[in-house]
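A.B. asks: Input file: upload_6.cif. Contents: mmCIF, C-alpha atoms.
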```
data_coords
loop_
_atom_site.label_atom_id
_atom_site.label_comp_id
_atom_site.auth_asym_id
_atom_site.auth_seq_id
_atom_site.Cartn_x
_atom_site.Cartn_y
_atom_site.Cartn_z
CA ASP D 1 0.00 0.00 0.00
CA ALA D 2 1.31 3.44 -0.90
CA GLY D 3 2.12 5.69 2.00
CA VAL D 4 1.11 9.31 2.33
CA ILE D 5 1.78 11.15 -0.91
CA GLN D 6 2.70 14.81 -1.02
CA SER D 7 3.28 17.13 -3.93
CA PRO D 8 5.27 19.00 -4.91
CA ARG D 9 8.40 17.76 -3.12
CA HIS D 10 10.11 21.11 -3.59
CA GLU D 11 8.69 24.53 -4.24
CA VAL D 12 10.55 27.77 -4.81
CA THR D 13 8.44 30.87 -5.19
CA GLU D 14 8.63 34.61 -4.79
CA MET D 15 7.15 36.58 -1.98
CA GLY D 16 3.52 37.43 -2.61
CA GLN D 17 2.78 34.39 -4.75
CA GLU D 18 0.17 31.79 -3.90
CA VAL D 19 1.45 28.37 -2.90
CA THR D 20 -0.64 25.19 -2.85
CA LEU D 21 0.59 22.02 -1.22
CA ARG D 22 -1.19 18.74 -1.81
CA CYS D 23 -1.61 15.56 0.17
CA LYS D 24 -3.13 12.15 -0.42
CA PRO D 25 -3.53 10.22 2.85
CA ILE D 26 -3.29 6.48 3.26
CA SER D 27 -6.48 4.84 2.08
CA GLY D 28 -8.82 4.13 4.97
CA HIS D 29 -7.24 6.59 7.35
CA ASN D 30 -9.79 8.91 8.92
CA SER D 31 -7.52 11.62 10.28
CA LEU D 32 -5.22 13.94 8.37
CA PHE D 33 -2.66 16.34 9.80
CA TRP D 34 -0.60 19.19 8.39
CA TYR D 35 2.68 20.04 10.12
CA ARG D 36 5.42 22.58 9.55
CA GLN D 37 9.01 21.94 10.57
CA THR D 38 11.54 24.69 11.14
CA MET D 39 14.85 24.79 12.95
CA MET D 40 13.54 27.25 15.49
CA ARG D 41 10.17 25.71 16.34
CA GLY D 42 10.59 22.05 15.46
CA LEU D 43 7.52 20.14 14.29
CA GLU D 44 4.38 22.24 14.66
CA LEU D 45 0.85 21.05 14.05
CA LEU D 46 -0.98 23.48 11.78
CA ILE D 47 -4.37 21.82 11.41
CA TYR D 48 -5.97 18.44 11.56
CA PHE D 49 -9.08 16.90 10.04
CA ASN D 50 -11.15 13.98 11.22
CA ASN D 51 -13.50 12.46 8.65
CA ASN D 52 -12.79 15.44 6.36
CA VAL D 53 -13.90 17.95 8.99
CA PRO D 54 -11.37 20.42 10.44
CA ILE D 55 -11.10 19.70 14.17
CA ASP D 56 -8.29 21.97 15.34
CA ASP D 57 -6.82 24.80 13.30
CA SER D 58 -5.32 26.69 16.22
CA GLY D 59 -1.84 26.11 14.82
CA MET D 60 -2.51 27.92 11.55
CA PRO D 61 -0.24 30.97 11.78
CA GLU D 62 -2.57 33.55 10.28
CA ASP D 63 -5.25 34.17 7.70
CA ARG D 64 -2.78 33.74 4.87
CA PHE D 65 -2.93 30.00 5.55
CA SER D 66 -5.94 27.88 4.67
CA ALA D 67 -6.53 24.15 4.39
CA LYS D 68 -9.25 22.07 2.83
CA MET D 69 -10.17 18.44 2.67
CA PRO D 70 -12.88 18.06 0.02
CA ASN D 71 -12.88 14.26 0.26
CA ALA D 72 -11.24 11.41 2.15
CA SER D 73 -8.38 11.06 -0.31
CA PHE D 74 -7.21 14.62 -0.83
CA SER D 75 -6.23 17.71 1.11
CA THR D 76 -4.61 21.03 0.26
CA LEU D 77 -2.74 23.61 2.27
CA LYS D 78 -2.68 27.03 0.67
CA ILE D 79 -0.58 30.05 1.51
CA GLN D 80 -1.67 33.33 -0.05
CA PRO D 81 0.27 35.57 -0.17
CA SER D 82 3.46 33.75 0.72
CA GLU D 83 6.24 35.41 2.72
CA PRO D 84 9.92 34.49 3.25
CA ARG D 85 9.19 33.45 6.85
CA ASP D 86 6.93 30.70 5.50
CA SER D 87 10.01 28.88 4.22
CA ALA D 88 10.00 25.47 5.91
CA VAL D 89 9.30 21.81 5.33
CA TYR D 90 5.60 21.03 5.37
CA PHE D 91 4.52 17.50 6.26
CA CYS D 92 1.21 15.81 5.84
CA ALA D 93 0.37 12.78 7.99
CA SER D 94 -2.59 10.47 8.34
CA SER D 95 -3.78 8.05 10.99
CA LEU D 96 -6.43 5.41 11.37
CA THR D 97 -7.34 6.55 14.86
CA PRO D 98 -6.98 10.04 16.35
CA GLY D 99 -4.31 10.17 19.04
CA ARG D 100 -2.54 7.10 17.73
CA ALA D 101 0.25 6.40 15.26
CA GLN D 102 0.46 8.89 12.41
CA TYR D 103 2.18 8.10 9.15
CA PHE D 104 4.02 10.93 7.48
CA GLY D 105 4.57 11.85 3.88
CA PRO D 106 8.00 12.82 2.56
CA GLY D 107 7.29 16.52 2.99
CA THR D 108 7.30 19.58 0.76
CA ARG D 109 10.34 21.81 1.08
CA LEU D 110 9.14 25.37 0.51
CA LEU D 111 11.43 28.29 -0.14
CA VAL D 112 9.92 31.75 -0.48
CA LEU D 113 12.34 34.32 -1.87
CA ASP G 114 4.59 25.68 27.19
CA GLN G 115 6.25 22.49 26.02
CA GLN G 116 4.13 19.50 26.91
CA VAL G 117 6.77 17.09 25.62
CA LYS G 118 10.45 17.75 26.27
CA GLN G 119 13.54 16.09 24.94
CA ASN G 120 16.28 17.77 26.90
CA SER G 121 19.22 16.28 25.03
CA PRO G 122 19.54 17.75 21.54
CA SER G 123 22.18 15.19 20.61
CA LEU G 124 23.65 11.86 21.68
CA SER G 125 26.71 10.02 20.42
CA VAL G 126 27.12 6.27 20.95
CA GLN G 127 29.57 3.63 19.82
CA GLU G 128 28.30 0.89 17.51
CA GLY G 129 27.19 -2.17 19.45
CA ARG G 130 26.48 -0.22 22.64
CA ILE G 131 23.12 0.81 24.05
CA SER G 132 21.50 4.09 23.03
CA ILE G 133 19.11 5.61 25.56
CA LEU G 134 16.91 8.48 24.45
CA ASN G 135 14.85 10.29 27.06
CA CYS G 136 11.63 12.22 27.03
CA ASP G 137 9.61 14.01 29.71
CA TYR G 138 6.01 15.13 29.50
CA THR G 139 3.71 17.33 31.53
CA ASN G 140 0.26 16.52 30.13
CA SER G 141 -1.47 13.96 32.35
CA MET G 142 -4.13 13.44 29.68
CA PHE G 143 -1.75 11.61 27.38
CA ASP G 144 -2.72 7.96 27.19
CA TYR G 145 -0.42 6.89 24.41
CA PHE G 146 3.22 7.60 23.61
CA LEU G 147 5.17 7.12 20.43
CA TRP G 148 8.70 7.33 19.09
CA TYR G 149 9.55 8.41 15.59
CA LYS G 150 12.79 8.30 13.66
CA LYS G 151 13.64 10.89 11.03
CA TYR G 152 16.36 10.82 8.40
CA PRO G 153 17.32 14.02 6.54
CA ALA G 154 15.02 14.93 3.66
CA GLU G 155 12.44 12.33 4.72
CA GLY G 156 9.30 12.41 6.79
CA PRO G 157 9.29 11.04 10.35
CA THR G 158 8.82 7.27 10.49
CA PHE G 159 6.80 5.63 13.24
CA LEU G 160 9.05 3.37 15.31
CA ILE G 161 7.34 2.08 18.43
CA SER G 162 4.54 3.04 20.81
CA ILE G 163 3.30 2.32 24.29
CA SER G 164 -0.04 2.65 25.98
CA SER G 165 -0.19 4.42 29.32
CA ILE G 166 -1.43 1.24 30.97
CA LYS G 167 1.87 -0.46 30.25
CA ASP G 168 5.39 0.26 31.45
CA LYS G 169 7.35 -1.49 28.72
CA ASN G 170 7.02 -2.40 25.09
CA GLU G 171 9.63 -4.20 23.05
CA ASP G 172 10.13 -4.62 19.32
CA GLY G 173 13.37 -6.21 18.25
CA ARG G 174 16.26 -3.96 19.19
CA PHE G 175 13.91 -1.20 20.36
CA THR G 176 12.32 -1.01 23.80
CA VAL G 177 10.27 1.83 25.19
CA PHE G 178 9.90 2.28 28.94
CA LEU G 179 7.22 4.42 30.57
CA ASN G 180 7.36 5.75 34.12
CA LYS G 181 4.02 7.44 34.68
CA SER G 182 4.75 8.66 38.18
CA ALA G 183 7.81 10.50 36.88
CA LYS G 184 6.11 11.45 33.60
CA HIS G 185 9.11 10.07 31.80
CA LEU G 186 9.68 7.72 28.91
CA SER G 187 12.78 6.39 27.29
CA LEU G 188 13.76 4.53 24.15
CA HIS G 189 16.51 1.93 24.36
CA ILE G 190 18.25 0.70 21.24
CA VAL G 191 20.39 -2.40 21.73
CA PRO G 192 22.72 -2.96 20.01
CA SER G 193 23.08 0.38 18.27
CA GLN G 194 23.97 0.33 14.59
CA PRO G 195 25.29 3.12 12.32
CA GLY G 196 21.99 2.99 10.41
CA ASP G 197 20.24 4.09 13.58
CA SER G 198 21.83 7.53 13.23
CA ALA G 199 18.87 9.87 12.84
CA VAL G 200 16.76 12.37 14.77
CA TYR G 201 14.38 10.73 17.21
CA PHE G 202 11.14 12.37 18.28
CA CYS G 203 8.89 11.32 21.12
CA ALA G 204 5.23 12.23 21.08
CA GLY G 205 2.23 12.04 23.36
CA GLY G 206 -1.33 11.41 22.24
CA GLY G 207 -4.74 11.25 23.79
CA SER G 208 -8.40 11.95 23.34
CA GLN G 209 -7.70 15.38 21.87
CA GLY G 210 -6.82 13.50 18.68
CA ASN G 211 -3.50 15.03 17.73
CA LEU G 212 0.03 14.19 18.81
CA ILE G 213 2.34 16.56 20.64
CA PHE G 214 5.96 16.15 19.60
CA GLY G 215 9.20 16.91 21.36
CA LYS G 216 11.90 18.82 19.53
CA GLY G 217 13.97 15.72 18.86
CA THR G 218 17.33 14.20 19.79
CA LYS G 219 19.95 13.63 17.12
CA LEU G 220 21.56 10.24 17.59
CA SER G 221 24.94 9.51 16.05
CA VAL G 222 26.17 5.93 16.14
CA LYS G 223 29.87 5.74 15.40
CA PRO G 224 31.38 2.63 13.78
#
```
Take the structure in this file and express it as C-alpha cells.

C.D. replies:
Amino acid sequence: DAGVIQSPRHEVTEMGQEVTLRCKPISGHNSLFWYRQTMMRGLELLIYFNNNVPIDDSGMPEDRFSAKMPNASFSTLKIQPSEPRDSAVYFCASSLTPGRAQYFGPGTRLLVL
Amino acid sequence: DQQVKQNSPSLSVQEGRISILNCDYTNSMFDYFLWYKKYPAEGPTFLISISSIKDKNEDGRFTVFLNKSAKHLSLHIVPSQPGDSAVYFCAGGGSQGNLIFGKGTKLSVKP
C-alpha cells in the first residue's frame, strides 16, 4: 500500500505568490494532519481533520494559511500571499485513529524568496 | 509551554552499545506515547509506541519504557547500529486527537 503522498516535493516561489501544497492520505485513514518543521520551532501542528472535517486549526499561523479536505483522499494547504518566513518543510500525515500512530509523507520543502 | 520535552539535543554512541533516548512530559491526559525516527530529507517514520497502561514495550532492538509517576519515557536501542543515526522524536497522544511532539534528539552511532 502506498504511503502518504505529497506534492510537490520542492517549491521555490517569490514573496507574494500563492502556494498550494497537496496531500493524499493512506487509504482508509480517517484523520489527516498538516505540520510545519523549522529549525527554530521544530515540528508544529498546523491543522488536523477527522472524517474530512477540520477539528483543530489553532496552529494555523494567520489568515494567509488555509486548508481544505474536500474528500477522504485529498487535502490542500494554501498560503496566499506567501512570505519568506513561511520557508519550511511542510509535512502531511494520516492516521487510522486520532491520538494514535500517524504516518508521514516525505514533505514539501518550501522556499519563499 | 512544552508539553513534551527532549532535553538532550544530541547523543553520540559507539556501535554495538546501548543508546538511551529520554523524554519528559507534563500533560497527564496523554494515554499513548510514540517514538519516531527521522532521516534528513524524509518524513518522520513511526518506530514504536506504548499505551499508558503499560510500562514497557519491546520490538526487536527497540524497547520503550514508561514511568508514569515520573512522567518520563525512554527509548533503548540495543545494540546500536550506524543505520540508527537519525533524529528521534517522542510524542504524546490522547483523546484530543492530535500528537504533541518533542523537539527531537539527534543520535549519532559511530562505527

A.B. asks: At a cut-off of 6 Å, using only C-alpha atoms, what residues contact segment 200-205 of chain G? Leave out same-chain residues fewer than 6 positions from it and give the result as a VMD selection string.

C.D. replies: chain G and resid 143 145 to 151 212 to 215 217 to 220

A.B. asks: How would the residues just picked look written out with C-alpha atoms as a compact mmCIF listing (two decimals), in the frame of the given file?

C.D. replies:
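Result saved to out.txt:
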```
# COMPACT_ATOMS: atom_id res chain seq x y z
CA PHE G 143 -1.75 11.61 27.38
CA TYR G 145 -0.42 6.89 24.41
CA PHE G 146 3.22 7.60 23.61
CA LEU G 147 5.17 7.12 20.43
CA TRP G 148 8.70 7.33 19.09
CA TYR G 149 9.55 8.41 15.59
CA LYS G 150 12.79 8.30 13.66
CA LYS G 151 13.64 10.89 11.03
CA LEU G 212 0.03 14.19 18.81
CA ILE G 213 2.34 16.56 20.64
CA PHE G 214 5.96 16.15 19.60
CA GLY G 215 9.20 16.91 21.36
CA GLY G 217 13.97 15.72 18.86
CA THR G 218 17.33 14.20 19.79
CA LYS G 219 19.95 13.63 17.12
CA LEU G 220 21.56 10.24 17.59
```

A.B. asks: Can you tell me which residues surround Ile47 of chain D at a distance of at most 9 Å, considering only C-alpha atoms, apart from same-chain residues fewer than 6 positions away, and format the answer as a list in words?

C.D. replies: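 These residues fall inside the cut-off: Leu32, Phe33, Trp34, Tyr35, Pro54, Ile55, Asp56, Asp57, Ser58, Gly59, Met60 and Ala67 of chain D.
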
A.B. asks: Could you write out the selected residues, including C-alpha atoms, as a JSON list (two decimals), in the frame of the given file?

C.D. replies:
```json
[["chain", "number", "residue", "atom", "x", "y", "z"],
["D", 32, "LEU", "CA", -5.22, 13.94, 8.37],
["D", 33, "PHE", "CA", -2.66, 16.34, 9.80],
["D", 34, "TRP", "CA", -0.60, 19.19, 8.39],
["D", 35, "TYR", "CA", 2.68, 20.04, 10.12],
["D", 54, "PRO", "CA", -11.37, 20.42, 10.44],
["D", 55, "ILE", "CA", -11.10, 19.70, 14.17],
["D", 56, "ASP", "CA", -8.29, 21.97, 15.34],
["D", 57, "ASP", "CA", -6.82, 24.80, 13.30],
["D", 58, "SER", "CA", -5.32, 26.69, 16.22],
["D", 59, "GLY", "CA", -1.84, 26.11, 14.82],
["D", 60, "MET", "CA", -2.51, 27.92, 11.55],
["D", 67, "ALA", "CA", -6.53, 24.15, 4.39]]
```

A.B. asks: Residues of chain D within 12 Å of chain G, counting all atoms listed in the file - could you list those as a ChimeraX atom specification?

C.D. replies: /D:3-6,9-10,30-50,54-59,88-109

A.B. asks: Taking all atoms listed in the file into account, name the residue in G:Gln116, G:Ser187, G:Ser182, G:Ser221 that is nearest to Asn170 of chain G.

C.D. replies: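 The shortest atom-to-atom distance to Asn170 of chain G comes from G:Ser187.
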
A.B. asks: To one decimal place, how far is atom CA of Leu188 of chain G from atom CA of His29 of chain D in Å?

C.D. replies: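 Result for atom CA of Leu188 of chain G versus atom CA of His29 of chain D: 27.0 Å, one decimal.
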
A.B. asks: Would you mind reading off the distance between atom CA of Ala2 of chain D and atom CA of Ser75 of chain D, one decimal, in Å?

C.D. replies: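 Pair atom CA of Ala2 of chain D / atom CA of Ser75 of chain D returns 16.3 Å.
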
A.B. asks: Some atoms are missing, so please complete segment 193-215 of chain G with N, CA and C atoms and return it as a compact mmCIF listing (two decimals), in the frame of the given file.

C.D. replies:
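Output file result_28.txt is given in full below:
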```
# COMPACT_ATOMS: atom_id res chain seq x y z
N SER G 193 23.18 -0.75 19.21
CA SER G 193 23.08 0.38 18.27
C SER G 193 23.87 0.07 17.00
N GLN G 194 23.33 0.54 15.90
CA GLN G 194 23.97 0.33 14.59
C GLN G 194 24.13 1.69 13.90
N PRO G 195 25.11 1.83 13.03
CA PRO G 195 25.29 3.12 12.32
C PRO G 195 24.02 3.58 11.60
N GLY G 196 23.24 2.64 11.08
CA GLY G 196 21.99 2.99 10.41
C GLY G 196 20.94 3.58 11.33
N ASP G 197 21.17 3.48 12.63
CA ASP G 197 20.24 4.09 13.58
C ASP G 197 20.47 5.59 13.72
N SER G 198 21.53 6.09 13.15
CA SER G 198 21.83 7.53 13.23
C SER G 198 20.72 8.32 12.54
N ALA G 199 20.05 9.14 13.32
CA ALA G 199 18.87 9.87 12.84
C ALA G 199 18.43 10.81 13.97
N VAL G 200 17.39 11.58 13.71
CA VAL G 200 16.76 12.37 14.77
C VAL G 200 15.56 11.59 15.28
N TYR G 201 15.47 11.47 16.58
CA TYR G 201 14.38 10.73 17.21
C TYR G 201 13.44 11.69 17.94
N PHE G 202 12.16 11.55 17.65
CA PHE G 202 11.14 12.37 18.28
C PHE G 202 10.26 11.50 19.16
N CYS G 203 9.95 11.97 20.35
CA CYS G 203 8.89 11.32 21.12
C CYS G 203 7.63 12.17 20.99
N ALA G 204 6.51 11.53 21.21
CA ALA G 204 5.23 12.23 21.08
C ALA G 204 4.22 11.64 22.05
N GLY G 205 3.32 12.49 22.51
CA GLY G 205 2.23 12.04 23.36
C GLY G 205 0.91 12.23 22.65
N GLY G 206 -0.01 11.31 22.87
CA GLY G 206 -1.33 11.41 22.24
C GLY G 206 -2.42 11.07 23.23
N GLY G 207 -3.62 11.51 22.91
CA GLY G 207 -4.74 11.25 23.79
C GLY G 207 -6.05 11.53 23.10
N SER G 208 -7.06 11.78 23.89
CA SER G 208 -8.40 11.95 23.34
C SER G 208 -8.54 13.21 22.51
N GLN G 209 -7.61 14.14 22.65
CA GLN G 209 -7.70 15.38 21.87
C GLN G 209 -7.48 15.11 20.39
N GLY G 210 -6.90 13.93 20.07
CA GLY G 210 -6.82 13.50 18.68
C GLY G 210 -5.49 13.74 18.01
N ASN G 211 -4.77 14.78 18.39
CA ASN G 211 -3.50 15.03 17.73
C ASN G 211 -2.36 14.52 18.60
N LEU G 212 -1.17 14.56 18.06
CA LEU G 212 0.03 14.19 18.81
C LEU G 212 0.82 15.46 19.11
N ILE G 213 1.44 15.46 20.27
CA ILE G 213 2.34 16.56 20.64
C ILE G 213 3.75 16.01 20.61
N PHE G 214 4.60 16.64 19.81
CA PHE G 214 5.96 16.15 19.60
C PHE G 214 6.97 16.94 20.41
N GLY G 215 8.02 16.22 20.83
CA GLY G 215 9.20 16.91 21.36
C GLY G 215 10.01 17.47 20.22
```
